[in-house]
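Working notes, structure below.
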Amino acid sequence: LLQVLGAEDLQGQYHKLVEGLTDAKESGSSVTILYGSETGNAEEQAKNLLQDIRARGMKGIVSSLDDFDVEELPNQKVLIIVISTCGLGEYPQNSKRTWMALQSPDLPMTWLSGVKFAVFGLGDSTYAQFCVAAAGYDVR
């Protein structure tokens, strides 16, 4: 991850995640964990994350990106996306529909501004397009 973000950026993102999870626990809000996975690695990590969240007394759900209603994204208090990059920079099959919906020119860049979120990217760092799917979701 340090190949994509600098140490200061990574630390800042971590603190935002902790802040969001603390807010969710205090307010009783549910944490939404969405994954995009071609081989099952990101799905497994998302489910492990859900177990950790529940072990800390918080509510949460897990779903693939494409199985979650994209129109509900702005209604989430805390959103965590776990996504892999496959092939030579491809998005996983179960995340492509959501990715295309988020690219709509009708959606303002502020559409998700009320959502506290984190994106975890999985991939092979030897590829030129390392974690490109995670970077795409993070920017959007």
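Each chain of the structure tokens is named A, B, ... in the order shown, its residues numbered from 1; ligands are numbered from 1 in display order.
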
Per-residue DSSP, range 30-66 of chain A, filtered to helix (DSSP H, G or I), as number ranges by chain: A: 41-55, 65-66

Residues from the last selection, N, CA, C and O atoms, saved as a PDB file, in the first residue's frame:
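Output file out-v2.pdb is given in full below:
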ATOM      1  N   ASN A  41     -10.201 -13.970  -2.726  1.00  0.00           N
ATOM      2  CA  ASN A  41      -9.352 -13.388  -1.689  1.00  0.00           C
ATOM      3  C   ASN A  41      -9.989 -12.152  -1.040  1.00  0.00           C
ATOM      4  O   ASN A  41     -10.015 -12.024   0.181  1.00  0.00           O
ATOM      5  N   ALA A  42     -10.496 -11.238  -1.841  1.00  0.00           N
ATOM      6  CA  ALA A  42     -11.110 -10.026  -1.289  1.00  0.00           C
ATOM      7  C   ALA A  42     -12.395 -10.372  -0.537  1.00  0.00           C
ATOM      8  O   ALA A  42     -12.687  -9.786   0.503  1.00  0.00           O
ATOM      9  N   GLU A  43     -13.148 -11.335  -1.038  1.00  0.00           N
ATOM     10  CA  GLU A  43     -14.364 -11.768  -0.338  1.00  0.00           C
ATOM     11  C   GLU A  43     -14.012 -12.330   1.035  1.00  0.00           C
ATOM     12  O   GLU A  43     -14.657 -11.999   2.046  1.00  0.00           O
ATOM     13  N   GLU A  44     -12.989 -13.155   1.091  1.00  0.00           N
ATOM     14  CA  GLU A  44     -12.556 -13.729   2.367  1.00  0.00           C
ATOM     15  C   GLU A  44     -12.121 -12.643   3.345  1.00  0.00           C
ATOM     16  O   GLU A  44     -12.484 -12.673   4.524  1.00  0.00           O
ATOM     17  N   GLN A  45     -11.361 -11.664   2.860  1.00  0.00           N
ATOM     18  CA  GLN A  45     -10.914 -10.582   3.738  1.00  0.00           C
ATOM     19  C   GLN A  45     -12.097  -9.740   4.221  1.00  0.00           C
ATOM     20  O   GLN A  45     -12.118  -9.298   5.380  1.00  0.00           O
ATOM     21  N   ALA A  46     -13.075  -9.515   3.357  1.00  0.00           N
ATOM     22  CA  ALA A  46     -14.264  -8.753   3.748  1.00  0.00           C
ATOM     23  C   ALA A  46     -15.037  -9.494   4.844  1.00  0.00           C
ATOM     24  O   ALA A  46     -15.490  -8.885   5.819  1.00  0.00           O
ATOM     25  N   LYS A  47     -15.177 -10.794   4.696  1.00  0.00           N
ATOM     26  CA  LYS A  47     -15.887 -11.582   5.711  1.00  0.00           C
ATOM     27  C   LYS A  47     -15.105 -11.632   7.023  1.00  0.00           C
ATOM     28  O   LYS A  47     -15.703 -11.587   8.101  1.00  0.00           O
ATOM     29  N   ASN A  48     -13.784 -11.695   6.940  1.00  0.00           N
ATOM     30  CA  ASN A  48     -12.958 -11.640   8.149  1.00  0.00           C
ATOM     31  C   ASN A  48     -13.120 -10.290   8.850  1.00  0.00           C
ATOM     32  O   ASN A  48     -13.192 -10.212  10.080  1.00  0.00           O
ATOM     33  N   LEU A  49     -13.166  -9.231   8.063  1.00  0.00           N
ATOM     34  CA  LEU A  49     -13.356  -7.894   8.616  1.00  0.00           C
ATOM     35  C   LEU A  49     -14.707  -7.790   9.317  1.00  0.00           C
ATOM     36  O   LEU A  49     -14.814  -7.209  10.403  1.00  0.00           O
ATOM     37  N   LEU A  50     -15.743  -8.375   8.735  1.00  0.00           N
ATOM     38  CA  LEU A  50     -17.060  -8.367   9.366  1.00  0.00           C
ATOM     39  C   LEU A  50     -17.019  -9.092  10.714  1.00  0.00           C
ATOM     40  O   LEU A  50     -17.586  -8.603  11.700  1.00  0.00           O
ATOM     41  N   GLN A  51     -16.325 -10.209  10.770  1.00  0.00           N
ATOM     42  CA  GLN A  51     -16.191 -10.927  12.043  1.00  0.00           C
ATOM     43  C   GLN A  51     -15.502 -10.051  13.087  1.00  0.00           C
ATOM     44  O   GLN A  51     -15.918 -10.012  14.251  1.00  0.00           O
ATOM     45  N   ASP A  52     -14.450  -9.349  12.678  1.00  0.00           N
ATOM     46  CA  ASP A  52     -13.739  -8.461  13.602  1.00  0.00           C
ATOM     47  C   ASP A  52     -14.639  -7.330  14.089  1.00  0.00           C
ATOM     48  O   ASP A  52     -14.614  -6.972  15.269  1.00  0.00           O
ATOM     49  N   ILE A  53     -15.418  -6.762  13.196  1.00  0.00           N
ATOM     50  CA  ILE A  53     -16.325  -5.674  13.559  1.00  0.00           C
ATOM     51  C   ILE A  53     -17.375  -6.167  14.547  1.00  0.00           C
ATOM     52  O   ILE A  53     -17.653  -5.519  15.553  1.00  0.00           O
ATOM     53  N   ARG A  54     -17.939  -7.321  14.286  1.00  0.00           N
ATOM     54  CA  ARG A  54     -18.945  -7.884  15.200  1.00  0.00           C
ATOM     55  C   ARG A  54     -18.331  -8.247  16.549  1.00  0.00           C
ATOM     56  O   ARG A  54     -18.974  -8.092  17.591  1.00  0.00           O
ATOM     57  N   ALA A  55     -17.082  -8.721  16.541  1.00  0.00           N
ATOM     58  CA  ALA A  55     -16.402  -9.061  17.800  1.00  0.00           C
ATOM     59  C   ALA A  55     -16.178  -7.820  18.659  1.00  0.00           C
ATOM     60  O   ALA A  55     -16.042  -7.933  19.879  1.00  0.00           O
ATOM     61  N   LEU A  65     -20.012  -6.005  -4.311  1.00  0.00           N
ATOM     62  CA  LEU A  65     -20.376  -4.669  -4.779  1.00  0.00           C
ATOM     63  C   LEU A  65     -21.606  -4.711  -5.676  1.00  0.00           C
ATOM     64  O   LEU A  65     -22.516  -3.897  -5.524  1.00  0.00           O
ATOM     65  N   ASP A  66     -21.660  -5.659  -6.595  1.00  0.00           N
ATOM     66  CA  ASP A  66     -22.777  -5.703  -7.539  1.00  0.00           C
ATOM     67  C   ASP A  66     -24.068  -6.249  -6.939  1.00  0.00           C
ATOM     68  O   ASP A  66     -25.136  -6.053  -7.515  1.00  0.00           O
TER      69      ASP A  66
END

task: Pull the strand (DSSP E) assignments for range 39-127 of chain A out of DSSP run on the backbone, and list those residues as a list of chain:residue names.
output: A:Lys59, A:Gly60, A:Ile61, A:Val62, A:Ser63, A:Ser64, A:Val78, A:Leu79, A:Ile80, A:Ile81, A:Val82, A:Ile83, A:Ser84, A:Lys116, A:Phe117, A:Ala118, A:Val119, A:Phe120, A:Gly121, A:Leu122

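The smallest atom-to-atom distance between Ser63 in chain A and any of A:Ser37, A:Gln129, A:Thr85, A:Ser27, using only C-alpha atoms, is found for A:Ser37.
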
Show me, as a tab-separated table, the residues of range 28-56 of chain A having an atom within 9 Å of range 94-115 of chain A, each with the closest atom pair and its distance in Å, using only C-alpha atoms.
residue	atom	partner	partner_atom	distance
A:Tyr35	CA	A:Ser95	CA	7.6
A:Gly36	CA	A:Ser95	CA	5.0
A:Ser37	CA	A:Asn94	CA	6.7
A:Glu38	CA	A:Asn94	CA	7.4

I need the chosen residues saved as a short mmCIF file (atom, residue, chain, number, x, y, z; two decimals), in the first residue's frame, with N, CA and C atoms.
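The file below, result-v5.cif, is the result:
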data_model
loop_
_atom_site.label_atom_id
_atom_site.label_comp_id
_atom_site.auth_asym_id
_atom_site.auth_seq_id
_atom_site.Cartn_x
_atom_site.Cartn_y
_atom_site.Cartn_z
N TYR A 35 -17.35 -5.97 -1.29
CA TYR A 35 -16.13 -6.52 -1.88
C TYR A 35 -16.30 -6.75 -3.38
N GLY A 36 -15.16 -6.70 -4.04
CA GLY A 36 -15.05 -7.10 -5.44
C GLY A 36 -13.94 -8.13 -5.50
N SER A 37 -14.29 -9.34 -5.92
CA SER A 37 -13.32 -10.43 -5.84
C SER A 37 -13.48 -11.37 -7.01
N GLU A 38 -12.39 -11.68 -7.64
CA GLU A 38 -12.41 -12.62 -8.76
C GLU A 38 -12.05 -14.03 -8.28
#

- prompt: Separation of CA of Pro92 in chain A and CA of Ser64 in chain A, in Å?
  reply: 10.2 Å

- prompt: Do you know which residues are at most 7 Å from Gly123 in chain A counting only C-alpha atoms, after dropping those on the same chain fewer than 6 positions away, and could you put them as a PyMOL selection string?
  reply: chain A and resi 84-85+130-131

Write a file of the just-selected residues containing N, CA and C atoms, as a short mmCIF file (atom, residue, chain, number, x, y, z; two decimals), in the first residue's frame.
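What follows is the written file result-v4.cif:
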data_model
loop_
_atom_site.label_atom_id
_atom_site.label_comp_id
_atom_site.auth_asym_id
_atom_site.auth_seq_id
_atom_site.Cartn_x
_atom_site.Cartn_y
_atom_site.Cartn_z
N SER A 84 -10.04 -6.45 -5.15
CA SER A 84 -8.80 -6.90 -5.78
C SER A 84 -8.73 -6.36 -7.20
N THR A 85 -7.55 -6.36 -7.73
CA THR A 85 -7.33 -6.08 -9.14
C THR A 85 -6.87 -7.39 -9.75
N PHE A 130 -1.07 -2.26 -10.42
CA PHE A 130 -1.24 -2.71 -9.04
C PHE A 130 -2.33 -1.91 -8.33
N CYS A 131 -3.32 -2.59 -7.81
CA CYS A 131 -4.43 -2.00 -7.03
C CYS A 131 -5.17 -0.89 -7.77
#

task: Find the residue from A:Ala24, A:Ala128, A:Val18, A:Val139 that sits nearest to Val78 in chain A; use only C-alpha atoms when measuring.
output: A:Ala24

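Atom pair CA of Ile33 in chain A / CA of Tyr127 in chain A has a distance of 26.0 Å (rounded to one decimal).
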
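Using only C-alpha atoms, the nearest neighbour of Lys77 in chain A within the list A:Phe117, A:Thr126, A:His15, A:Val132 is A:Phe117.
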